[in-house]
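Presented below is the structure to which this report refers.
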Amino acid sequence: MRLILLGPPGSGKGTQAQRLIHRYGIVQLSTGEMLRAAVAAQTPVGLKAKDIMASGGLVPDDIVIGIISDRLDQPDAAKGFILDGFPRTVPQAEALDELLKKKHIKLDAVIELRVNESALLQRVETRVAEMRARGEEVRVDDTSEVLTKRLASYRALTEPLIHYYSERRKLLTVDGMMTIEHVTREINRILAAIGAVDAKASQKADKAMPAATAARPAVRKAPKSSRRAAAPKKAAKAVKAASKGGKAGKPASRGAKSSSRKPSPGSKRRPAGKTRKTVKKVTKKRAKA
C-alpha cells in the first residue's frame, strides 16, 4: 500500500498516518526526518543537503527526490509507505511520478482530508483560551494567527495538487470534520474498495464493534417472538373461558342465545311483522274502551 495524505494544517493527517502505520505495518516517509537521517548518515545526498540546511535555506526538489529515492530502496519500504509532507507543489508531484515510474512502484491513492478552515481556526482559538485559563504556556506556533498563515500557504502551494491527482484518478476525499474514529473507518473502507488492502484485513480492528451491534437485534427480536408465541395461547384461553361460560348457563349476550336456539319441529315461528300488527290492534281497542 502506497499512499499520499493531503490536507491543510490541523486536518488530522499525522493522526491518521500513525493509525495506518500501526494497522498495516507500513512506513511513514517524512521529508524532514529523511533529510535529518541522510545528513546523520552522511550519504552523498545528505551531504549536499547539510550545507543548505545549516544556512537556513530551502532544500531543492532534486535533493529531496534523491533522499526519497534512497529511502524507498530500504527493505522496510517494500511493504508500503505513506508520504508525509511531500509533495507540496505540482512540480514536486511530477518529479515524484517520474521517480516511482523508474522504480516500477505504483501509487495506490492520494487521500485528501477535507476540512472547514473556519472550524479549524475556531478549534485553535478555543484550545488556546482553555490553555491560558488553566495557566498553561501556549506554543508560539499554536495560535490562530500562525494557523491563518499556514492555511494561506497551503491554499497557494499545495491545494493545486487536489486537481492534479484528481485528473489522474488517484484522489479520494474523506470528510476530515468527522470524529477521528469515523475518519479512520472511512479511510480503511475506501482502501479496501480500491483493493489497496485486503478487505478482511481492513475489518480486523472493527470486529469488536460489529459483534456488539450484531448482538443487539437478537435481544430486540426475542420479546417480539415471545409475544407472537403468546398470542395463540391467549386466544385459546379466551375460547376455553367462553365455553365454560356457556356450560354454566351464562351466555355472553342475548343475541348469541337467540341465534343458537332452533325451533321445535311442531312449532311455527310467528313472523315479526304479524306480531307488531297484533300489538297495534290491542292498543287501539284499549283506547276505545
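For the C-alpha cells, the naming scheme is as follows: chains receive sequential letters (A, B, ...) according to their order of presentation, residues are indexed from 1 within each chain, and ligands are indexed from 1 in presentation order.
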Closest atom pairs, stretch 64-98 of chain A residues within 12 Å of stretch 145-157 of chain A, only C-alpha atoms, as JSON lines:
```
{"residue": "A:Gly85", "atom": "CA", "partner": "A:Tyr154", "partner_atom": "CA", "distance": 11.3}
{"residue": "A:Phe86", "atom": "CA", "partner": "A:Leu157", "partner_atom": "CA", "distance": 11.7}
{"residue": "A:Pro87", "atom": "CA", "partner": "A:Leu157", "partner_atom": "CA", "distance": 10.1}
{"residue": "A:Arg88", "atom": "CA", "partner": "A:Leu157", "partner_atom": "CA", "distance": 6.6}
{"residue": "A:Thr89", "atom": "CA", "partner": "A:Leu157", "partner_atom": "CA", "distance": 5.5}
{"residue": "A:Val90", "atom": "CA", "partner": "A:Leu157", "partner_atom": "CA", "distance": 8.1}
{"residue": "A:Pro91", "atom": "CA", "partner": "A:Leu157", "partner_atom": "CA", "distance": 10.3}
{"residue": "A:Gln92", "atom": "CA", "partner": "A:Leu157", "partner_atom": "CA", "distance": 10.7}
{"residue": "A:Ala93", "atom": "CA", "partner": "A:Leu157", "partner_atom": "CA", "distance": 11.7}
```
Give the strand (DSSP E) residues of stretch 63-155 of chain A, as DSSP finds them on the backbone, and put them as a ChimeraX atom specification.
-> /A:81-84,109-114
Any idea what's packed within 6 Å of stretch 108-120 of chain A, counting only C-alpha atoms, ignoring anything in its chain fewer than 2 positions away? Could you give it as a list in words?
-> Arg2, Leu3, Ile4, Leu5, Leu6, Gly7, Gln122, Arg123, Lys170, Leu171, Leu172, Thr173, Val174, Asp175, Gly176 and Met177 of chain A
For A:Leu35, please output as a PDB file with N, CA and C atoms, in the first residue's frame all residues within 10 Å (counting only C-alpha atoms; exclusion window: fewer than 5 positions along the same chain).
```pdb
ATOM      1  N   SER A  30       8.621  10.802   6.099  1.00  0.00           N
ATOM      2  CA  SER A  30       8.570  12.233   6.382  1.00  0.00           C
ATOM      3  C   SER A  30       9.829  12.883   5.821  1.00  0.00           C
ATOM      4  N   ALA A  40      22.766  12.732   8.956  1.00  0.00           N
ATOM      5  CA  ALA A  40      23.446  11.976  10.008  1.00  0.00           C
ATOM      6  C   ALA A  40      24.228  10.802   9.426  1.00  0.00           C
ATOM      7  N   ALA A  41      23.682  10.164   8.392  1.00  0.00           N
ATOM      8  CA  ALA A  41      24.362   9.021   7.770  1.00  0.00           C
ATOM      9  C   ALA A  41      25.446   9.454   6.796  1.00  0.00           C
ATOM     10  N   VAL A  45      23.704  12.465  -0.929  1.00  0.00           N
ATOM     11  CA  VAL A  45      22.605  13.435  -0.987  1.00  0.00           C
ATOM     12  C   VAL A  45      22.509  14.186   0.335  1.00  0.00           C
ATOM     13  N   GLY A  46      22.739  13.491   1.444  1.00  0.00           N
ATOM     14  CA  GLY A  46      22.689  14.121   2.759  1.00  0.00           C
ATOM     15  C   GLY A  46      23.739  15.187   2.936  1.00  0.00           C
ATOM     16  N   LEU A  47      24.926  14.957   2.386  1.00  0.00           N
ATOM     17  CA  LEU A  47      25.994  15.949   2.473  1.00  0.00           C
ATOM     18  C   LEU A  47      25.641  17.210   1.681  1.00  0.00           C
ATOM     19  N   ALA A  49      22.595  18.299   1.230  1.00  0.00           N
ATOM     20  CA  ALA A  49      21.531  18.981   1.977  1.00  0.00           C
ATOM     21  C   ALA A  49      22.053  19.630   3.246  1.00  0.00           C
ATOM     22  N   LYS A  50      23.154  19.107   3.794  1.00  0.00           N
ATOM     23  CA  LYS A  50      23.660  19.580   5.090  1.00  0.00           C
ATOM     24  C   LYS A  50      23.988  21.065   5.065  1.00  0.00           C
ATOM     25  N   MET A  53      20.813  23.236   4.691  1.00  0.00           N
ATOM     26  CA  MET A  53      20.025  23.275   5.926  1.00  0.00           C
ATOM     27  C   MET A  53      20.723  24.115   6.985  1.00  0.00           C
ATOM     28  N   VAL A  59      15.755  23.261   0.898  1.00  0.00           N
ATOM     29  CA  VAL A  59      16.423  22.197   0.154  1.00  0.00           C
ATOM     30  C   VAL A  59      15.741  22.047  -1.199  1.00  0.00           C
ATOM     31  N   ILE A  63      17.165  17.395  -4.604  1.00  0.00           N
ATOM     32  CA  ILE A  63      17.827  16.758  -3.456  1.00  0.00           C
ATOM     33  C   ILE A  63      16.806  15.976  -2.640  1.00  0.00           C
ATOM     34  N   VAL A  64      15.628  16.560  -2.437  1.00  0.00           N
ATOM     35  CA  VAL A  64      14.581  15.868  -1.691  1.00  0.00           C
ATOM     36  C   VAL A  64      14.179  14.580  -2.416  1.00  0.00           C
ATOM     37  N   ILE A  67      16.726  11.937  -1.804  1.00  0.00           N
ATOM     38  CA  ILE A  67      16.614  11.338  -0.471  1.00  0.00           C
ATOM     39  C   ILE A  67      15.455  10.346  -0.423  1.00  0.00           C
ATOM     40  N   ILE A  68      14.340  10.704  -1.050  1.00  0.00           N
ATOM     41  CA  ILE A  68      13.194   9.791  -1.104  1.00  0.00           C
ATOM     42  C   ILE A  68      13.558   8.529  -1.875  1.00  0.00           C
TER      43      ILE A  68
END
```
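With distances restricted to only C-alpha atoms, A:Val27 is the closest residue to A:Pro75 from A:Ile187, A:Val27, A:Ala37, A:Ile52.
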Name the residues of stretch 21-184 of chain A that fall into alpha helix (DSSP H) according to DSSP on the backbone, using the chain letters and numbers of this document, as a VMD selection string.
-> chain A and resid 21 to 24 31 to 41 44 to 54 61 to 72 90 to 102 117 to 133 144 to 153 160 to 167 180 to 184
Quick one: everything within 8 Å of A:Gln16, counting only C-alpha atoms, minus sequence neighbours fewer than 6 positions away in the same chain. Send it as a PDB file with N, CA and C atoms, in the first residue's frame.
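Dumped to part14.pdb:
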```pdb
ATOM      1  N   ILE A 180     -12.284  11.255  14.864  1.00  0.00           N
ATOM      2  CA  ILE A 180     -11.076  10.530  14.459  1.00  0.00           C
ATOM      3  C   ILE A 180     -11.416   9.088  14.080  1.00  0.00           C
ATOM      4  N   VAL A 183     -13.195   8.940  10.666  1.00  0.00           N
ATOM      5  CA  VAL A 183     -12.255   9.194   9.577  1.00  0.00           C
ATOM      6  C   VAL A 183     -11.421   7.945   9.304  1.00  0.00           C
ATOM      7  N   THR A 184     -10.954   7.298  10.379  1.00  0.00           N
ATOM      8  CA  THR A 184     -10.156   6.070  10.238  1.00  0.00           C
ATOM      9  C   THR A 184     -10.948   4.986   9.521  1.00  0.00           C
TER      10      THR A 184
END
```
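Between A:Ser11 and the candidates A:Ser166, A:Ser55, A:Thr179, A:Asn188, the tightest atom-to-atom separation, counting only C-alpha atoms, involves A:Thr179.
Each of A:Val124, A:Leu20, A:Ile82, A:Ile65 was compared to A:Val138 using only C-alpha atoms, and A:Val124 turns out to be the nearest.
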